[in-house]
>>> print(open('model38.cif').read())   # mmCIF, N, CA and C atoms, pLDDT in the B column; chains and numbers go by the auth columns
data_entry
loop_
_atom_site.group_PDB
_atom_site.id
_atom_site.type_symbol
_atom_site.label_atom_id
_atom_site.label_comp_id
_atom_site.label_asym_id
_atom_site.label_seq_id
_atom_site.Cartn_x
_atom_site.Cartn_y
_atom_site.Cartn_z
_atom_site.B_iso_or_equiv
_atom_site.auth_seq_id
_atom_site.auth_asym_id
ATOM 1 N N MET A 1 95.714 77.362 81.135 93.00 1 A
ATOM 2 C CA MET A 1 96.815 77.746 80.269 93.00 1 A
ATOM 3 C C MET A 1 97.593 78.872 80.943 93.00 1 A
ATOM 4 N N ARG A 2 98.908 78.834 80.812 95.00 2 A
ATOM 5 C CA ARG A 2 99.758 79.888 81.379 95.00 2 A
ATOM 6 C C ARG A 2 99.498 81.216 80.660 95.00 2 A
ATOM 7 N N VAL A 3 99.607 82.309 81.400 96.00 3 A
ATOM 8 C CA VAL A 3 99.308 83.619 80.825 96.00 3 A
ATOM 9 C C VAL A 3 100.295 83.989 79.711 96.00 3 A
ATOM 10 N N ASP A 4 101.576 83.636 79.840 95.00 4 A
ATOM 11 C CA ASP A 4 102.530 83.981 78.773 95.00 4 A
ATOM 12 C C ASP A 4 102.200 83.224 77.484 95.00 4 A
ATOM 13 N N LYS A 5 101.799 81.974 77.603 95.00 5 A
ATOM 14 C CA LYS A 5 101.424 81.197 76.421 95.00 5 A
ATOM 15 C C LYS A 5 100.142 81.744 75.804 95.00 5 A
ATOM 16 N N TYR A 6 99.175 82.123 76.630 95.00 6 A
ATOM 17 C CA TYR A 6 97.925 82.685 76.129 95.00 6 A
ATOM 18 C C TYR A 6 98.180 83.974 75.327 95.00 6 A
ATOM 19 N N LEU A 7 99.018 84.842 75.858 95.00 7 A
ATOM 20 C CA LEU A 7 99.320 86.101 75.166 95.00 7 A
ATOM 21 C C LEU A 7 99.962 85.846 73.814 95.00 7 A
ATOM 22 N N LYS A 8 100.791 84.809 73.718 95.00 8 A
ATOM 23 C CA LYS A 8 101.441 84.463 72.457 95.00 8 A
ATOM 24 C C LYS A 8 100.468 83.813 71.481 95.00 8 A
ATOM 25 N N VAL A 9 99.706 82.824 71.938 95.00 9 A
ATOM 26 C CA VAL A 9 98.774 82.116 71.058 95.00 9 A
ATOM 27 C C VAL A 9 97.695 83.064 70.531 95.00 9 A
ATOM 28 N N SER A 10 97.204 83.961 71.380 94.00 10 A
ATOM 29 C CA SER A 10 96.167 84.907 70.967 94.00 10 A
ATOM 30 C C SER A 10 96.742 86.069 70.156 94.00 10 A
ATOM 31 N N ARG A 11 98.061 86.127 70.074 95.00 11 A
ATOM 32 C CA ARG A 11 98.787 87.143 69.321 95.00 11 A
ATOM 33 C C ARG A 11 98.578 88.565 69.851 95.00 11 A
ATOM 34 N N ILE A 12 98.300 88.674 71.143 94.00 12 A
ATOM 35 C CA ILE A 12 98.292 89.989 71.790 94.00 12 A
ATOM 36 C C ILE A 12 99.742 90.456 71.893 94.00 12 A
ATOM 37 N N ILE A 13 100.642 89.519 72.231 94.00 13 A
ATOM 38 C CA ILE A 13 102.089 89.755 72.200 94.00 13 A
ATOM 39 C C ILE A 13 102.673 88.710 71.261 94.00 13 A
ATOM 40 N N LYS A 14 103.566 89.137 70.371 93.00 14 A
ATOM 41 C CA LYS A 14 104.027 88.273 69.283 93.00 14 A
ATOM 42 C C LYS A 14 104.918 87.113 69.712 93.00 14 A
ATOM 43 N N ARG A 15 105.738 87.311 70.740 95.00 15 A
ATOM 44 C CA ARG A 15 106.674 86.257 71.158 95.00 15 A
ATOM 45 C C ARG A 15 106.468 85.912 72.617 95.00 15 A
ATOM 46 N N ARG A 16 106.641 84.631 72.930 94.00 16 A
ATOM 47 C CA ARG A 16 106.432 84.178 74.307 94.00 16 A
ATOM 48 C C ARG A 16 107.484 84.751 75.244 94.00 16 A
ATOM 49 N N THR A 17 108.715 84.917 74.763 95.00 17 A
ATOM 50 C CA THR A 17 109.753 85.487 75.629 95.00 17 A
ATOM 51 C C THR A 17 109.416 86.931 75.994 95.00 17 A
ATOM 52 N N VAL A 18 108.840 87.675 75.055 95.00 18 A
ATOM 53 C CA VAL A 18 108.439 89.062 75.328 95.00 18 A
ATOM 54 C C VAL A 18 107.279 89.067 76.328 95.00 18 A
ATOM 55 N N ALA A 19 106.351 88.131 76.178 95.00 19 A
ATOM 56 C CA ALA A 19 105.231 88.014 77.120 95.00 19 A
ATOM 57 C C ALA A 19 105.745 87.664 78.519 95.00 19 A
ATOM 58 N N ASN A 20 106.735 86.781 78.562 95.00 20 A
ATOM 59 C CA ASN A 20 107.354 86.382 79.823 95.00 20 A
ATOM 60 C C ASN A 20 108.010 87.582 80.502 95.00 20 A
ATOM 61 N N GLU A 21 108.741 88.384 79.736 95.00 21 A
ATOM 62 C CA GLU A 21 109.406 89.570 80.270 95.00 21 A
ATOM 63 C C GLU A 21 108.398 90.602 80.764 95.00 21 A
ATOM 64 N N ALA A 22 107.278 90.753 80.053 94.00 22 A
ATOM 65 C CA ALA A 22 106.241 91.698 80.469 94.00 22 A
ATOM 66 C C ALA A 22 105.652 91.275 81.817 94.00 22 A
ATOM 67 N N CYS A 23 105.453 89.979 81.993 94.00 23 A
ATOM 68 C CA CYS A 23 104.933 89.469 83.271 94.00 23 A
ATOM 69 C C CYS A 23 105.935 89.706 84.392 94.00 23 A
ATOM 70 N N ASP A 24 107.206 89.417 84.130 93.00 24 A
ATOM 71 C CA ASP A 24 108.248 89.604 85.136 93.00 24 A
ATOM 72 C C ASP A 24 108.394 91.069 85.545 93.00 24 A
ATOM 73 N N ALA A 25 108.105 91.983 84.613 94.00 25 A
ATOM 74 C CA ALA A 25 108.215 93.410 84.894 94.00 25 A
ATOM 75 C C ALA A 25 106.971 93.961 85.597 94.00 25 A
ATOM 76 N N GLY A 26 105.961 93.124 85.803 94.00 26 A
ATOM 77 C CA GLY A 26 104.754 93.562 86.490 94.00 26 A
ATOM 78 C C GLY A 26 103.798 94.334 85.617 94.00 26 A
ATOM 79 N N ARG A 27 103.855 94.125 84.300 95.00 27 A
ATOM 80 C CA ARG A 27 102.999 94.869 83.376 95.00 27 A
ATOM 81 C C ARG A 27 101.778 94.085 82.919 95.00 27 A
ATOM 82 N N VAL A 28 101.548 92.895 83.511 96.00 28 A
ATOM 83 C CA VAL A 28 100.387 92.080 83.151 96.00 28 A
ATOM 84 C C VAL A 28 99.564 91.831 84.413 96.00 28 A
ATOM 85 N N LEU A 29 98.272 92.127 84.318 96.00 29 A
ATOM 86 C CA LEU A 29 97.360 91.931 85.436 96.00 29 A
ATOM 87 C C LEU A 29 96.220 91.012 85.013 96.00 29 A
ATOM 88 N N ILE A 30 95.828 90.119 85.909 96.00 30 A
ATOM 89 C CA ILE A 30 94.642 89.286 85.704 96.00 30 A
ATOM 90 C C ILE A 30 93.659 89.669 86.795 96.00 30 A
ATOM 91 N N ASN A 31 92.497 90.150 86.387 96.00 31 A
ATOM 92 C CA ASN A 31 91.447 90.593 87.319 96.00 31 A
ATOM 93 C C ASN A 31 91.988 91.581 88.346 96.00 31 A
ATOM 94 N N GLY A 32 92.876 92.486 87.899 94.00 32 A
ATOM 95 C CA GLY A 32 93.385 93.543 88.762 94.00 32 A
ATOM 96 C C GLY A 32 94.583 93.182 89.613 94.00 32 A
ATOM 97 N N LYS A 33 95.110 91.956 89.488 95.00 33 A
ATOM 98 C CA LYS A 33 96.266 91.536 90.285 95.00 33 A
ATOM 99 C C LYS A 33 97.465 91.295 89.382 95.00 33 A
ATOM 100 N N VAL A 34 98.619 91.807 89.779 96.00 34 A
ATOM 101 C CA VAL A 34 99.857 91.579 89.040 96.00 34 A
ATOM 102 C C VAL A 34 100.194 90.094 89.136 96.00 34 A
ATOM 103 N N VAL A 35 100.560 89.493 87.991 95.00 35 A
ATOM 104 C CA VAL A 35 100.809 88.045 87.971 95.00 35 A
ATOM 105 C C VAL A 35 102.162 87.725 87.354 95.00 35 A
ATOM 106 N N LYS A 36 102.641 86.521 87.661 95.00 36 A
ATOM 107 C CA LYS A 36 103.843 85.990 87.029 95.00 36 A
ATOM 108 C C LYS A 36 103.447 85.287 85.734 95.00 36 A
ATOM 109 N N ALA A 37 104.435 84.938 84.917 94.00 37 A
ATOM 110 C CA ALA A 37 104.188 84.282 83.633 94.00 37 A
ATOM 111 C C ALA A 37 103.527 82.922 83.797 94.00 37 A
ATOM 112 N N SER A 38 103.710 82.278 84.945 94.00 38 A
ATOM 113 C CA SER A 38 103.167 80.941 85.150 94.00 38 A
ATOM 114 C C SER A 38 101.725 80.947 85.656 94.00 38 A
ATOM 115 N N ALA A 39 101.135 82.120 85.865 95.00 39 A
ATOM 116 C CA ALA A 39 99.760 82.200 86.367 95.00 39 A
ATOM 117 C C ALA A 39 98.789 81.605 85.360 95.00 39 A
ATOM 118 N N GLU A 40 97.767 80.934 85.871 96.00 40 A
ATOM 119 C CA GLU A 40 96.778 80.289 85.013 96.00 40 A
ATOM 120 C C GLU A 40 95.698 81.276 84.587 96.00 40 A
ATOM 121 N N VAL A 41 95.320 81.189 83.301 96.00 41 A
ATOM 122 C CA VAL A 41 94.255 82.018 82.741 96.00 41 A
ATOM 123 C C VAL A 41 93.022 81.136 82.568 96.00 41 A
ATOM 124 N N LYS A 42 91.845 81.667 82.924 95.00 42 A
ATOM 125 C CA LYS A 42 90.589 80.950 82.748 95.00 42 A
ATOM 126 C C LYS A 42 89.658 81.792 81.865 95.00 42 A
ATOM 127 N N VAL A 43 88.684 81.132 81.250 95.00 43 A
ATOM 128 C CA VAL A 43 87.685 81.841 80.453 95.00 43 A
ATOM 129 C C VAL A 43 86.934 82.788 81.375 95.00 43 A
ATOM 130 N N GLY A 44 86.770 84.038 80.941 95.00 44 A
ATOM 131 C CA GLY A 44 86.091 85.056 81.739 95.00 44 A
ATOM 132 C C GLY A 44 87.023 85.988 82.467 95.00 44 A
ATOM 133 N N ASP A 45 88.309 85.654 82.539 96.00 45 A
ATOM 134 C CA ASP A 45 89.285 86.529 83.187 96.00 45 A
ATOM 135 C C ASP A 45 89.466 87.816 82.386 96.00 45 A
ATOM 136 N N ILE A 46 89.770 88.901 83.099 96.00 46 A
ATOM 137 C CA ILE A 46 90.073 90.188 82.470 96.00 46 A
ATOM 138 C C ILE A 46 91.585 90.394 82.551 96.00 46 A
ATOM 139 N N LEU A 47 92.227 90.529 81.397 96.00 47 A
ATOM 140 C CA LEU A 47 93.670 90.766 81.329 96.00 47 A
ATOM 141 C C LEU A 47 93.928 92.231 81.025 96.00 47 A
ATOM 142 N N GLU A 48 94.892 92.817 81.727 96.00 48 A
ATOM 143 C CA GLU A 48 95.355 94.172 81.425 96.00 48 A
ATOM 144 C C GLU A 48 96.840 94.093 81.152 96.00 48 A
ATOM 145 N N ILE A 49 97.243 94.575 79.972 96.00 49 A
ATOM 146 C CA ILE A 49 98.651 94.558 79.583 96.00 49 A
ATOM 147 C C ILE A 49 99.073 95.994 79.321 96.00 49 A
ATOM 148 N N MET A 50 100.144 96.430 79.996 94.00 50 A
ATOM 149 C CA MET A 50 100.621 97.797 79.845 94.00 50 A
ATOM 150 C C MET A 50 101.788 97.846 78.861 94.00 50 A
ATOM 151 N N PHE A 51 101.558 98.542 77.756 91.00 51 A
ATOM 152 C CA PHE A 51 102.585 98.757 76.730 91.00 51 A
ATOM 153 C C PHE A 51 103.006 100.214 76.800 91.00 51 A
ATOM 154 N N GLY A 52 104.007 100.531 77.602 88.00 52 A
ATOM 155 C CA GLY A 52 104.454 101.919 77.739 88.00 52 A
ATOM 156 C C GLY A 52 103.330 102.784 78.279 88.00 52 A
ATOM 157 N N GLN A 53 102.872 103.754 77.484 92.00 53 A
ATOM 158 C CA GLN A 53 101.802 104.661 77.898 92.00 53 A
ATOM 159 C C GLN A 53 100.416 104.060 77.654 92.00 53 A
ATOM 160 N N ARG A 54 100.325 103.013 76.832 93.00 54 A
ATOM 161 C CA ARG A 54 99.052 102.425 76.426 93.00 54 A
ATOM 162 C C ARG A 54 98.740 101.181 77.261 93.00 54 A
ATOM 163 N N THR A 55 97.479 101.031 77.636 94.00 55 A
ATOM 164 C CA THR A 55 97.047 99.837 78.355 94.00 55 A
ATOM 165 C C THR A 55 95.986 99.130 77.525 94.00 55 A
ATOM 166 N N VAL A 56 96.177 97.829 77.328 94.00 56 A
ATOM 167 C CA VAL A 56 95.220 97.014 76.589 94.00 56 A
ATOM 168 C C VAL A 56 94.462 96.163 77.602 94.00 56 A
ATOM 169 N N LYS A 57 93.145 96.196 77.527 96.00 57 A
ATOM 170 C CA LYS A 57 92.305 95.438 78.449 96.00 57 A
ATOM 171 C C LYS A 57 91.437 94.498 77.615 96.00 57 A
ATOM 172 N N VAL A 58 91.535 93.183 77.888 96.00 58 A
ATOM 173 C CA VAL A 58 90.781 92.189 77.129 96.00 58 A
ATOM 174 C C VAL A 58 90.130 91.189 78.068 96.00 58 A
ATOM 175 N N GLU A 59 89.033 90.584 77.594 96.00 59 A
ATOM 176 C CA GLU A 59 88.367 89.503 78.317 96.00 59 A
ATOM 177 C C GLU A 59 88.648 88.202 77.589 96.00 59 A
ATOM 178 N N VAL A 60 89.040 87.176 78.325 96.00 60 A
ATOM 179 C CA VAL A 60 89.357 85.871 77.748 96.00 60 A
ATOM 180 C C VAL A 60 88.049 85.170 77.375 96.00 60 A
ATOM 181 N N LEU A 61 87.908 84.801 76.077 95.00 61 A
ATOM 182 C CA LEU A 61 86.713 84.111 75.609 95.00 61 A
ATOM 183 C C LEU A 61 86.933 82.622 75.413 95.00 61 A
ATOM 184 N N SER A 62 88.154 82.234 75.005 94.00 62 A
ATOM 185 C CA SER A 62 88.444 80.814 74.805 94.00 62 A
ATOM 186 C C SER A 62 89.923 80.541 75.011 94.00 62 A
ATOM 187 N N LEU A 63 90.218 79.274 75.314 94.00 63 A
ATOM 188 C CA LEU A 63 91.596 78.835 75.514 94.00 63 A
ATOM 189 C C LEU A 63 91.887 77.747 74.486 94.00 63 A
ATOM 190 N N ASN A 64 92.688 78.061 73.486 92.00 64 A
ATOM 191 C CA ASN A 64 93.076 77.097 72.460 92.00 64 A
ATOM 192 C C ASN A 64 94.591 76.951 72.480 92.00 64 A
ATOM 193 N N GLU A 65 95.071 75.719 72.352 92.00 65 A
ATOM 194 C CA GLU A 65 96.523 75.478 72.329 92.00 65 A
ATOM 195 C C GLU A 65 97.149 76.056 71.063 92.00 65 A
ATOM 196 N N THR A 66 96.467 75.894 69.936 91.00 66 A
ATOM 197 C CA THR A 66 96.937 76.460 68.670 91.00 66 A
ATOM 198 C C THR A 66 95.748 77.084 67.960 91.00 66 A
ATOM 199 N N VAL A 67 96.036 78.114 67.200 92.00 67 A
ATOM 200 C CA VAL A 67 94.976 78.801 66.462 92.00 67 A
ATOM 201 C C VAL A 67 95.603 79.487 65.258 92.00 67 A
ATOM 202 N N LYS A 68 94.850 79.552 64.157 93.00 68 A
ATOM 203 C CA LYS A 68 95.353 80.242 62.965 93.00 68 A
ATOM 204 C C LYS A 68 95.359 81.742 63.211 93.00 68 A
ATOM 205 N N LYS A 69 96.237 82.420 62.503 91.00 69 A
ATOM 206 C CA LYS A 69 96.427 83.856 62.687 91.00 69 A
ATOM 207 C C LYS A 69 95.119 84.643 62.565 91.00 69 A
ATOM 208 N N GLU A 70 94.321 84.326 61.558 91.00 70 A
ATOM 209 C CA GLU A 70 93.083 85.077 61.335 91.00 70 A
ATOM 210 C C GLU A 70 92.002 84.779 62.378 91.00 70 A
ATOM 211 N N ASN A 71 92.129 83.655 63.097 91.00 71 A
ATOM 212 C CA ASN A 71 91.149 83.297 64.125 91.00 71 A
ATOM 213 C C ASN A 71 91.591 83.680 65.538 91.00 71 A
ATOM 214 N N ALA A 72 92.779 84.224 65.669 92.00 72 A
ATOM 215 C CA ALA A 72 93.322 84.552 66.992 92.00 72 A
ATOM 216 C C ALA A 72 92.483 85.599 67.723 92.00 72 A
ATOM 217 N N VAL A 73 91.891 86.537 67.007 92.00 73 A
ATOM 218 C CA VAL A 73 91.100 87.594 67.650 92.00 73 A
ATOM 219 C C VAL A 73 89.812 87.064 68.268 92.00 73 A
ATOM 220 N N GLU A 74 89.411 85.848 67.907 93.00 74 A
ATOM 221 C CA GLU A 74 88.205 85.248 68.481 93.00 74 A
ATOM 222 C C GLU A 74 88.447 84.696 69.886 93.00 74 A
ATOM 223 N N MET A 75 89.722 84.687 70.327 94.00 75 A
ATOM 224 C CA MET A 75 90.066 84.176 71.651 94.00 75 A
ATOM 225 C C MET A 75 89.810 85.202 72.757 94.00 75 A
ATOM 226 N N TYR A 76 89.617 86.475 72.396 95.00 76 A
ATOM 227 C CA TYR A 76 89.427 87.522 73.397 95.00 76 A
ATOM 228 C C TYR A 76 88.525 88.617 72.865 95.00 76 A
ATOM 229 N N LYS A 77 87.987 89.411 73.807 95.00 77 A
ATOM 230 C CA LYS A 77 87.166 90.568 73.459 95.00 77 A
ATOM 231 C C LYS A 77 87.874 91.801 73.990 95.00 77 A
ATOM 232 N N ASP A 78 88.097 92.763 73.113 93.00 78 A
ATOM 233 C CA ASP A 78 88.790 94.004 73.492 93.00 78 A
ATOM 234 C C ASP A 78 87.863 94.883 74.327 93.00 78 A
ATOM 235 N N LEU A 79 88.320 95.296 75.495 93.00 79 A
ATOM 236 C CA LEU A 79 87.523 96.121 76.391 93.00 79 A
ATOM 237 C C LEU A 79 88.026 97.554 76.482 93.00 79 A
ATOM 238 N N THR A 80 89.080 97.900 75.736 78.00 80 A
ATOM 239 C CA THR A 80 89.630 99.267 75.833 78.00 80 A
ATOM 240 C C THR A 80 88.899 100.247 74.962 78.00 80 A
#
>>> encode(input="model38.cif", output="structure tokens")
Amino acid sequence: MRVDKYLKVSRIIKRRTVANEACDAGRVLINGKVVKASAEVKVGDILEIMFGQRTVKVEVLSLNETVKKENAVEMYKDLT
């Protein structure tokens, strides 16, 4: 699954266009490497997303195409 879609489906970032812009700005890292929006995410990857002064670090637990809002947090584990 593409990283921009994963961020949207898991509701870490609310809109896919915002996730896309964050990737283009170099604020999204997978396993310590800056990635583009089209980069593939796998189960077990560590994502770091920089929101201004705050950095969110999560581990990918599952890849679902669609998920209900209340179940979205089950897609990742917060490491921050």
>>> residues_around(input="model38.cif", residues="Glu48 of chain A", least_positions_apart="3", cutoff="9 Å", atoms="only C-alpha atoms", output="list in words")
Arg27, Val28, Leu29, Ile30, Asn31, Gly32, Thr55, Val56, Lys57, Val58 and Glu59 of chain A
>>> residues_around(input="model38.cif", residues="Val3 of chain A", least_positions_apart="5", cutoff="7 Å", atoms="all atoms listed in the file", output="PyMOL selection string")
chain A and resi 8+19+36-41
>>> select_by_dssp(input="model38.cif", residues="chain A", states="strand (DSSP E or B)", output="list in words")
Arg2, Val28, Leu29, Ile30, Lys33, Val34, Glu40, Ile46, Leu47, Glu48, Ile49, Met50, Phe51, Arg54, Thr55, Val56, Lys57, Val58, Glu59, Val60, Tyr76, Lys77 and Asp78 of chain A
>>> resolve_selection(input="model38.cif", expression="the PyMOL selection byres (((chain A and resi 74 and name CA) around 12) and name CA)", output="list in words")
Val9, Ser10, Arg11, Ile12, Val58, Glu59, Val60, Leu61, Ser62, Leu63, Asn64, Val67, Lys68, Lys69, Glu70, Asn71, Ala72, Val73, Met75, Tyr76, Lys77 and Asp78 of chain A
>>> atom_distance(input="model38.cif", atom1="atom CA of Thr66 of chain A", atom2="atom CA of Ile46 of chain A")
20.6 Å
>>> closest_residue(input="model38.cif", among="A:Leu7, A:Leu79, A:Cys23, A:Val18", to="Val35 of chain A", atoms="only N, CA and C atoms")
A:Cys23
>>> axis_aligned_box(input="model38.cif", around="segment 33-51 of chain A", padding_each_side="8 Å", output="lines of an AutoDock Vina configuration file")
center_x = 95.3
center_y = 90.3
center_z = 83.5
size_x = 34.3
size_y = 35.9
size_z = 29.6
>>> atom_distance(input="model38.cif", atom1="atom C of Thr17 of chain A", atom2="atom CA of Asp4 of chain A")
8.0 Å
>>> select_by_dssp(input="model38.cif", residues="chain A", states="helix (DSSP H, G or I)", output="list in words")
Val3, Asp4, Lys5, Tyr6, Leu7, Lys8, Val9, Arg16, Thr17, Val18, Ala19, Asn20, Glu21, Ala22, Cys23, Asp24, Lys69, Glu70, Asn71, Ala72, Val73, Glu74 and Met75 of chain A
>>> atom_distance(input="model38.cif", atom1="atom N of Arg15 of chain A", atom2="atom CA of Gln53 of chain A")
19.2 Å
>>> closest_residue(input="model38.cif", among="A:Val43, A:Ile49, A:Glu65, A:Arg54", to="Ala22 of chain A", atoms="only C-alpha atoms")
A:Ile49
